[in-house]
file target.pdb (PDB, C-alpha atoms)
ATOM      1  CA  MET Y   1      -1.292 -51.303   6.592
ATOM      2  CA  ASN Y   2      -4.848 -50.610   5.432
ATOM      3  CA  ILE Y   3      -6.548 -47.505   6.831
ATOM      4  CA  ALA Y   4     -10.306 -47.319   6.622
ATOM      5  CA  ILE Y   5     -11.719 -43.969   5.517
ATOM      6  CA  LYS Y   6     -15.266 -42.881   6.344
ATOM      7  CA  SER Y   7     -15.674 -40.424   3.455
ATOM      8  CA  TRP Y   8     -13.196 -39.991   0.624
ATOM      9  CA  LYS Y   9     -15.071 -36.916  -0.654
ATOM     10  CA  LEU Y  10     -14.770 -35.184   2.707
ATOM     11  CA  LEU Y  11     -11.098 -36.125   2.918
ATOM     12  CA  LEU Y  12     -10.344 -34.756  -0.556
ATOM     13  CA  LEU Y  13     -12.180 -31.516   0.273
ATOM     14  CA  SER Y  14     -10.169 -31.179   3.482
ATOM     15  CA  LEU Y  15      -6.905 -31.746   1.614
ATOM     16  CA  ALA Y  16      -7.864 -29.066  -0.924
ATOM     17  CA  VAL Y  17      -8.564 -26.545   1.841
ATOM     18  CA  ILE Y  18      -5.332 -27.514   3.628
ATOM     19  CA  GLY Y  19      -3.437 -26.918   0.381
ATOM     20  CA  LEU Y  20      -5.080 -23.493   0.071
ATOM     21  CA  PHE Y  21      -4.065 -22.573   3.641
ATOM     22  CA  ILE Y  22      -0.476 -23.651   2.982
ATOM     23  CA  ALA Y  23      -0.374 -21.646  -0.253
ATOM     24  CA  LEU Y  24      -1.657 -18.571   1.586
ATOM     25  CA  GLY Y  25       1.016 -19.072   4.219
ATOM     26  CA  PHE Y  26       3.803 -19.140   1.644
ATOM     27  CA  TRP Y  27       2.256 -16.103  -0.089
ATOM     28  CA  GLN Y  28       2.452 -14.171   3.175
ATOM     29  CA  LEU Y  29       6.098 -15.232   3.548
ATOM     30  CA  SER Y  30       6.839 -13.919   0.055
ATOM     31  CA  ARG Y  31       5.106 -10.623   0.909
ATOM     32  CA  ALA Y  32       7.251 -10.344   4.032
ATOM     33  CA  GLN Y  33      10.390 -10.818   1.924
ATOM     34  CA  GLN Y  34       9.215  -8.179  -0.560
ATOM     35  CA  LYS Y  35       8.454  -5.635   2.174
ATOM     36  CA  THR Y  36      11.804  -6.316   3.833
ATOM     37  CA  ALA Y  37      13.574  -5.666   0.531
ATOM     38  CA  VAL Y  38      11.655  -2.386   0.077
ATOM     39  CA  LEU Y  39      12.606  -1.196   3.578
ATOM     40  CA  LYS Y  40      16.269  -2.051   2.993
ATOM     41  CA  GLU Y  41      16.184  -0.152  -0.300
ATOM     42  CA  PHE Y  42      14.628   2.851   1.430
ATOM     43  CA  GLN Y  43      17.260   2.884   4.172
ATOM     44  CA  ALA Y  44      20.099   2.657   1.662
ATOM     45  CA  ARG Y  45      18.766   5.433  -0.594
ATOM     46  CA  ALA Y  46      17.703   7.723   2.236
ATOM     47  CA  GLU Y  47      21.328   8.038   3.303
ATOM     48  CA  LEU Y  48      22.290   9.562  -0.066
ATOM     49  CA  GLY Y  49      21.715  13.099  -1.306
ATOM     50  CA  PRO Y  50      19.897  15.346  -1.119
ATOM     51  CA  PHE Y  51      19.855  15.554  -4.905
ATOM     52  CA  SER Y  52      19.009  18.678  -6.893
ATOM     53  CA  ALA Y  53      16.730  19.560  -9.785
ATOM     54  CA  LYS Y  54      19.665  19.156 -12.143
ATOM     55  CA  ASP Y  55      20.153  15.569 -10.979
ATOM     56  CA  LEU Y  56      16.490  14.749 -11.590
ATOM     57  CA  ARG Y  57      16.921  15.383 -15.309
ATOM     58  CA  THR Y  58      18.708  12.044 -15.544
ATOM     59  CA  PRO Y  59      16.159   9.227 -16.039
ATOM     60  CA  LYS Y  60      16.506   6.566 -13.340
ATOM     61  CA  ASP Y  61      14.629   4.929 -10.519
ATOM     62  CA  TRP Y  62      14.412   7.892  -8.131
ATOM     63  CA  ARG Y  63      12.131   6.253  -5.576
ATOM     64  CA  PHE Y  64      13.158   6.869  -1.924
ATOM     65  CA  TYR Y  65      15.930   9.344  -2.815
ATOM     66  CA  GLN Y  66      16.120  12.626  -0.920
ATOM     67  CA  VAL Y  67      15.883  15.819  -2.992
ATOM     68  CA  LYS Y  68      16.132  19.539  -2.320
ATOM     69  CA  LEU Y  69      14.354  21.957  -4.654
ATOM     70  CA  ASN Y  70      14.043  25.720  -5.027
ATOM     71  CA  GLY Y  71      10.961  27.277  -6.556
ATOM     72  CA  HIS Y  72       7.387  28.133  -5.653
ATOM     73  CA  PHE Y  73       4.090  26.364  -4.968
ATOM     74  CA  ASP Y  74       0.972  26.642  -7.110
ATOM     75  CA  ASP Y  75      -1.607  27.031  -4.329
ATOM     76  CA  ALA Y  76      -4.360  27.739  -6.846
ATOM     77  CA  HIS Y  77      -4.372  24.100  -7.988
ATOM     78  CA  THR Y  78      -4.240  22.035  -4.813
ATOM     79  CA  ILE Y  79      -5.472  18.429  -5.018
ATOM     80  CA  LEU Y  80      -7.239  16.569  -2.209
ATOM     81  CA  LEU Y  81      -6.911  12.779  -2.288
ATOM     82  CA  ASP Y  82     -10.075  11.403  -0.700
ATOM     83  CA  ASN Y  83     -10.598   8.581   1.835
ATOM     84  CA  LYS Y  84      -7.366   8.918   3.792
ATOM     85  CA  THR Y  85      -6.878   8.330   7.516
ATOM     86  CA  PHE Y  86      -4.376   9.659  10.035
ATOM     87  CA  ASN Y  87      -4.317   8.750  13.726
ATOM     88  CA  GLY Y  88      -7.864   7.470  13.516
ATOM     89  CA  LYS Y  89      -9.245  10.542  11.730
ATOM     90  CA  VAL Y  90     -10.753  10.560   8.235
ATOM     91  CA  GLY Y  91      -9.773  13.235   5.735
ATOM     92  CA  TYR Y  92      -7.638  14.055   2.722
ATOM     93  CA  GLU Y  93      -4.033  13.872   1.598
ATOM     94  CA  VAL Y  94      -3.008  17.265   0.229
ATOM     95  CA  TYR Y  95      -1.007  17.516  -3.000
ATOM     96  CA  THR Y  96       0.185  20.910  -4.229
ATOM     97  CA  PRO Y  97       2.095  21.444  -7.511
ATOM     98  CA  PHE Y  98       5.593  22.864  -7.156
ATOM     99  CA  ILE Y  99       7.414  24.671  -9.961
ATOM    100  CA  ALA Y 100      11.089  24.037  -9.286
ATOM    101  CA  GLN Y 101      13.981  25.960 -10.780
ATOM    102  CA  GLY Y 102      15.969  23.817 -13.177
ATOM    103  CA  MET Y 103      13.150  21.356 -13.893
ATOM    104  CA  ASP Y 104      11.193  21.173 -17.139
ATOM    105  CA  THR Y 105       8.233  19.543 -15.398
ATOM    106  CA  THR Y 106       6.059  20.418 -12.426
ATOM    107  CA  ILE Y 107       6.268  18.095  -9.445
ATOM    108  CA  LEU Y 108       3.404  17.204  -7.110
ATOM    109  CA  VAL Y 109       4.268  17.656  -3.446
ATOM    110  CA  ASP Y 110       2.532  15.503  -0.865
ATOM    111  CA  ARG Y 111       2.147  17.960   2.022
ATOM    112  CA  GLY Y 112       0.358  15.579   4.366
ATOM    113  CA  PHE Y 113      -3.062  15.069   5.911
ATOM    114  CA  ILE Y 114      -5.951  17.354   6.828
ATOM    115  CA  PRO Y 115      -9.155  16.215   8.587
ATOM    116  CA  LEU Y 116     -12.455  15.929   6.742
ATOM    117  CA  GLY Y 117     -14.129  18.906   8.374
ATOM    118  CA  VAL Y 118     -17.798  19.366   9.223
ATOM    119  CA  SER Y 119     -19.115  17.244   6.332
ATOM    120  CA  ARG Y 120     -18.259  15.996   2.857
ATOM    121  CA  ASP Y 121     -20.487  18.662   1.331
ATOM    122  CA  ALA Y 122     -17.935  21.377   2.107
ATOM    123  CA  LEU Y 123     -14.198  20.937   1.554
ATOM    124  CA  PRO Y 124     -11.948  21.922   4.453
ATOM    125  CA  ALA Y 125      -9.826  25.054   4.230
ATOM    126  CA  VAL Y 126      -6.361  24.054   3.067
ATOM    127  CA  PRO Y 127      -3.513  25.936   4.793
ATOM    128  CA  LYS Y 128      -1.471  27.940   2.325
ATOM    129  CA  THR Y 129       2.153  27.216   1.598
ATOM    130  CA  ALA Y 130       5.054  29.600   2.146
ATOM    131  CA  LYS Y 131       4.562  32.680  -0.024
ATOM    132  CA  GLY Y 132       6.952  33.430  -2.861
ATOM    133  CA  LYS Y 133      10.155  31.497  -3.365
ATOM    134  CA  ALA Y 134      10.583  28.448  -1.207
ATOM    135  CA  THR Y 135      13.138  25.725  -0.613
ATOM    136  CA  ILE Y 136      11.677  22.312   0.070
ATOM    137  CA  GLN Y 137      13.222  18.980   0.859
ATOM    138  CA  GLY Y 138      11.699  15.553   0.919
ATOM    139  CA  MET Y 139      11.631  12.037  -0.449
ATOM    140  CA  LEU Y 140      10.677  11.025  -3.961
ATOM    141  CA  ASN Y 141       8.110   8.276  -4.221
ATOM    142  CA  THR Y 142       5.783   6.749  -6.767
ATOM    143  CA  PRO Y 143       2.177   7.979  -6.753
ATOM    144  CA  PRO Y 144      -0.061   5.948  -4.411
ATOM    145  CA  LEU Y 145      -1.432   2.758  -5.907
ATOM    146  CA  TYR Y 146      -5.121   2.673  -6.702
ATOM    147  CA  VAL Y 147      -7.834   0.378  -8.038
ATOM    148  CA  SER Y 148      -9.940   2.281 -10.527
ATOM    149  CA  PHE Y 149     -13.690   1.660 -10.488
ATOM    150  CA  GLY Y 150     -14.674   5.004 -11.958
ATOM    151  CA  GLU Y 151     -13.594   8.518 -12.748
ATOM    152  CA  MET Y 152     -10.711  10.155 -10.908
ATOM    153  CA  ARG Y 153     -12.978  13.076  -9.951
ATOM    154  CA  ASP Y 154     -15.920  12.059  -7.781
ATOM    155  CA  ASN Y 155     -18.432  14.308  -9.599
ATOM    156  CA  GLY Y 156     -16.695  14.766 -12.944
ATOM    157  CA  LYS Y 157     -16.335  18.513 -12.382
ATOM    158  CA  THR Y 158     -13.128  20.519 -12.158
ATOM    159  CA  ALA Y 159     -13.111  22.927  -9.229
ATOM    160  CA  TRP Y 160     -10.117  23.854  -7.096
ATOM    161  CA  PRO Y 161      -9.209  22.540  -4.630
ATOM    162  CA  LEU Y 162      -9.863  19.388  -6.649
ATOM    163  CA  ARG Y 163     -11.142  16.346  -4.778
ATOM    164  CA  VAL Y 164     -10.002  13.111  -6.430
ATOM    165  CA  GLU Y 165     -10.474   9.418  -5.738
ATOM    166  CA  TYR Y 166      -6.957   8.522  -6.863
ATOM    167  CA  ILE Y 167      -3.820  10.105  -8.295
ATOM    168  CA  LYS Y 168      -3.345   9.622 -12.033
ATOM    169  CA  LEU Y 169      -0.540  11.841 -13.275
ATOM    170  CA  SER Y 170      -1.502  11.715 -16.963
ATOM    171  CA  THR Y 171      -5.033  12.969 -16.229
ATOM    172  CA  LEU Y 172      -3.812  15.625 -13.800
ATOM    173  CA  SER Y 173      -1.288  16.832 -16.376
ATOM    174  CA  LYS Y 174      -4.145  17.608 -18.750
ATOM    175  CA  LEU Y 175      -6.163  19.370 -16.047
ATOM    176  CA  LEU Y 176      -3.159  21.444 -14.983
ATOM    177  CA  ASP Y 177      -2.053  22.009 -18.582
ATOM    178  CA  THR Y 178       1.521  21.095 -17.686
ATOM    179  CA  ASN Y 179       3.769  18.063 -17.707
ATOM    180  CA  LEU Y 180       4.089  16.394 -14.309
ATOM    181  CA  TYR Y 181       7.214  14.665 -13.041
ATOM    182  CA  PRO Y 182       6.688  10.870 -12.813
ATOM    183  CA  TYR Y 183       7.401  10.880  -9.069
ATOM    184  CA  VAL Y 184       5.756  12.801  -6.245
ATOM    185  CA  LEU Y 185       7.710  14.447  -3.441
ATOM    186  CA  SER Y 186       6.768  13.560   0.128
ATOM    187  CA  ILE Y 187       7.715  16.688   2.008
ATOM    188  CA  ASN Y 188       9.768  16.584   5.199
ATOM    189  CA  PRO Y 189       7.586  16.861   8.319
ATOM    190  CA  GLU Y 190       9.727  19.802   9.519
ATOM    191  CA  SER Y 191       8.952  21.907   6.447
ATOM    192  CA  PRO Y 192       6.910  25.114   7.001
ATOM    193  CA  SER Y 193       4.542  23.965   4.230
ATOM    194  CA  ALA Y 194       4.028  20.495   5.728
ATOM    195  CA  LEU Y 195       0.738  19.500   7.332
ATOM    196  CA  GLN Y 196       0.338  16.259   9.302
ATOM    197  CA  VAL Y 197       3.035  14.118   7.743
ATOM    198  CA  LYS Y 198       4.091  10.546   8.416
ATOM    199  CA  TRP Y 199       6.132   8.747   5.798
ATOM    200  CA  GLN Y 200       4.708   5.280   5.184
ATOM    201  CA  ILE Y 201       7.115   3.163   3.161
ATOM    202  CA  VAL Y 202       5.079  -0.053   3.320
ATOM    203  CA  ASN Y 203       1.420  -0.410   4.214
ATOM    204  CA  VAL Y 204       1.954  -3.622   6.207
ATOM    205  CA  ASP Y 205       5.020  -4.381   8.337
ATOM    206  CA  PRO Y 206       6.991  -7.535   7.338
ATOM    207  CA  ASN Y 207       6.526  -8.930  10.859
ATOM    208  CA  LYS Y 208       2.758  -8.816  10.405
ATOM    209  CA  HIS Y 209       3.061 -10.825   7.203
ATOM    210  CA  MET Y 210       5.150 -13.367   9.128
ATOM    211  CA  GLY Y 211       2.436 -13.535  11.780
ATOM    212  CA  TYR Y 212      -0.239 -14.069   9.135
ATOM    213  CA  ALA Y 213       1.864 -16.867   7.605
ATOM    214  CA  VAL Y 214       2.125 -18.645  10.974
ATOM    215  CA  GLN Y 215      -1.646 -18.391  11.376
ATOM    216  CA  TRP Y 216      -2.310 -19.958   7.966
ATOM    217  CA  PHE Y 217       0.132 -22.796   8.628
ATOM    218  CA  ALA Y 218      -1.441 -23.379  12.062
ATOM    219  CA  LEU Y 219      -4.906 -23.559  10.481
ATOM    220  CA  ALA Y 220      -3.622 -26.071   7.925
ATOM    221  CA  LEU Y 221      -2.144 -28.260  10.658
ATOM    222  CA  THR Y 222      -5.295 -28.042  12.775
ATOM    223  CA  LEU Y 223      -7.518 -28.985   9.842
ATOM    224  CA  LEU Y 224      -5.210 -31.901   8.989
ATOM    225  CA  ILE Y 225      -5.474 -33.299  12.516
ATOM    226  CA  ILE Y 226      -9.259 -32.891  12.585
ATOM    227  CA  SER Y 227      -9.601 -34.530   9.168
ATOM    228  CA  VAL Y 228      -7.519 -37.537  10.188
ATOM    229  CA  VAL Y 229      -9.468 -38.013  13.416
ATOM    230  CA  LEU Y 230     -12.926 -37.636  11.871
ATOM    231  CA  ASN Y 231     -12.272 -39.655   8.713
ATOM    232  CA  ARG Y 232     -10.772 -42.750  10.303
ATOM    233  CA  ALA Y 233     -13.404 -45.430  10.419
ATOM    234  CA  PRO Y 234     -13.363 -47.657  13.477
ATOM    235  CA  ARG Y 235     -11.922 -51.113  12.935
ATOM    236  CA  LYS Y 236     -14.411 -53.942  12.856
ATOM    237  CA  LYS Y 237     -14.100 -56.259  15.780
ATOM    238  CA  LYS Y 238     -13.584 -59.876  14.929
ATOM    239  CA  VAL Y 239     -16.354 -62.078  16.221
ATOM    240  CA  SER Y 240     -15.138 -65.428  17.408
ATOM    241  CA  VAL Y 241     -17.533 -68.344  17.089
ATOM    242  CA  LYS Y 242     -17.131 -71.220  19.460
ATOM    243  CA  LYS Y 243     -17.718 -74.578  17.962
ATOM    244  CA  THR Y 244     -19.567 -77.137  20.028
ATOM    245  CA  ARG Y 245     -19.061 -80.840  19.734
TER
END

call {"tool": "encode", "arguments": {"input": "target.pdb", "output": "structure tokens"}}
result
Amino acid sequence: MNIAIKSWKLLLLSLAVIGLFIALGFWQLSRAQQKTAVLKEFQARAELGPFSAKDLRTPKDWRFYQVKLNGHFDDAHTILLDNKTFNGKVGYEVYTPFIAQGMDTTILVDRGFIPLGVSRDALPAVPKTAKGKATIQGMLNTPPLYVSFGEMRDNGKTAWPLRVEYIKLSTLSKLLDTNLYPYVLSINPESPSALQVKWQIVNVDPNKHMGYAVQWFALALTLLIISVVLNRAPRKKKVSVKKTR
């Protein structure tokens, strides 16, 4: 059966876009599977522990494990991670170094969120941690991912509290003149030294990725139907000629 096409160029362009939509749909499905695997890993590891400083000497993937440490905070070298939001407010994520007994390295503790304050020209006052020796508990996690378009410090100067655009442990180790543990500790919300804390394991829920995938597939189907309808050329009517004798 021969099908007449109005414009092959338009049809090929439509097929290319449909292929792109389908590829984006499958990419969202793969992201949903990845996020689901991360959440399952978190749930499994969160049920273990808490582990101690002695345990952390053993090299392994410590992400999402619960730990309990004794030591003291270094309030003089608090770090403010810029451009963070919490419940609709803009501000900073507060990281304070913690010197734990039994560890050869200092560990950064994510204490949570504080609002921006009056303006960006003046840093907000950061609440102090518990004085002297402290026992903290929380979850180990990798430092937040970042895309680097410039220096870690927004003005290139070192002044404490230190406002940074992203967390880079190797650079912070040099500024603090100490070795930093390769994981950060997200403190328990119930801790006396915690600020506004909400553990975020994944930035986008797997169900949202599934919803995005359905949308891409629906767009592909819609474009396919439109392309078929608009590109089908009408059949030529046969003209019958009557012969006269």

call {"tool": "residues_around", "arguments": {"input": "target.pdb", "residues": "Ala23 (chain Y)", "least_positions_apart": "5", "cutoff": "9 Å", "atoms": "all atoms listed in the file", "output": "short mmCIF file (atom, residue, chain, number, x, y, z; two decimals) with C-alpha atoms, keeping the file's coordinate frame"}}
result
data_model
loop_
_atom_site.label_atom_id
_atom_site.label_comp_id
_atom_site.auth_asym_id
_atom_site.auth_seq_id
_atom_site.Cartn_x
_atom_site.Cartn_y
_atom_site.Cartn_z
CA ILE Y 18 -5.33 -27.51 3.63
CA GLN Y 28 2.45 -14.17 3.18
CA TRP Y 216 -2.31 -19.96 7.97
CA PHE Y 217 0.13 -22.80 8.63
#

call {"tool": "resolve_selection", "arguments": {"input": "target.pdb", "expression": "the PyMOL selection byres ((chain Y and resi 137) around 7)", "output": "PDB file with C-alpha atoms, in the coordinates of the input"}}
result
ATOM      1  CA  VAL Y  67      15.883  15.819  -2.992  1.00  0.00           C
ATOM      2  CA  LYS Y  68      16.132  19.539  -2.320  1.00  0.00           C
ATOM      3  CA  LEU Y  69      14.354  21.957  -4.654  1.00  0.00           C
ATOM      4  CA  THR Y 135      13.138  25.725  -0.613  1.00  0.00           C
ATOM      5  CA  ILE Y 136      11.677  22.312   0.070  1.00  0.00           C
ATOM      6  CA  GLY Y 138      11.699  15.553   0.919  1.00  0.00           C
ATOM      7  CA  ILE Y 187       7.715  16.688   2.008  1.00  0.00           C
ATOM      8  CA  ASN Y 188       9.768  16.584   5.199  1.00  0.00           C
TER       9      ASN Y 188
END

call {"tool": "residues_around", "arguments": {"input": "target.pdb", "residues": "region 10-17 of chain Y", "least_positions_apart": "3", "cutoff": "7 Å", "atoms": "all atoms listed in the file", "output": "PDB file with C-alpha atoms, in the coordinates of the input"}}
result
ATOM      1  CA  SER Y   7     -15.674 -40.424   3.455  1.00  0.00           C
ATOM      2  CA  LEU Y  20      -5.080 -23.493   0.071  1.00  0.00           C
ATOM      3  CA  PHE Y  21      -4.065 -22.573   3.641  1.00  0.00           C
ATOM      4  CA  SER Y 227      -9.601 -34.530   9.168  1.00  0.00           C
ATOM      5  CA  ASN Y 231     -12.272 -39.655   8.713  1.00  0.00           C
TER       6      ASN Y 231
END

call {"tool": "residues_around", "arguments": {"input": "target.pdb", "residues": "Asp82 (chain Y)", "least_positions_apart": "4", "cutoff": "7 Å", "atoms": "all atoms listed in the file", "output": "list in words"}}
result
Gly91, Tyr92, Glu93, Arg163, Val164 and Glu165 of chain Y

call {"tool": "atom_distance", "arguments": {"input": "target.pdb", "atom1": "CA of Thr129 (chain Y)", "atom2": "CA of Asp110 (chain Y)"}}
result
12.0 Å
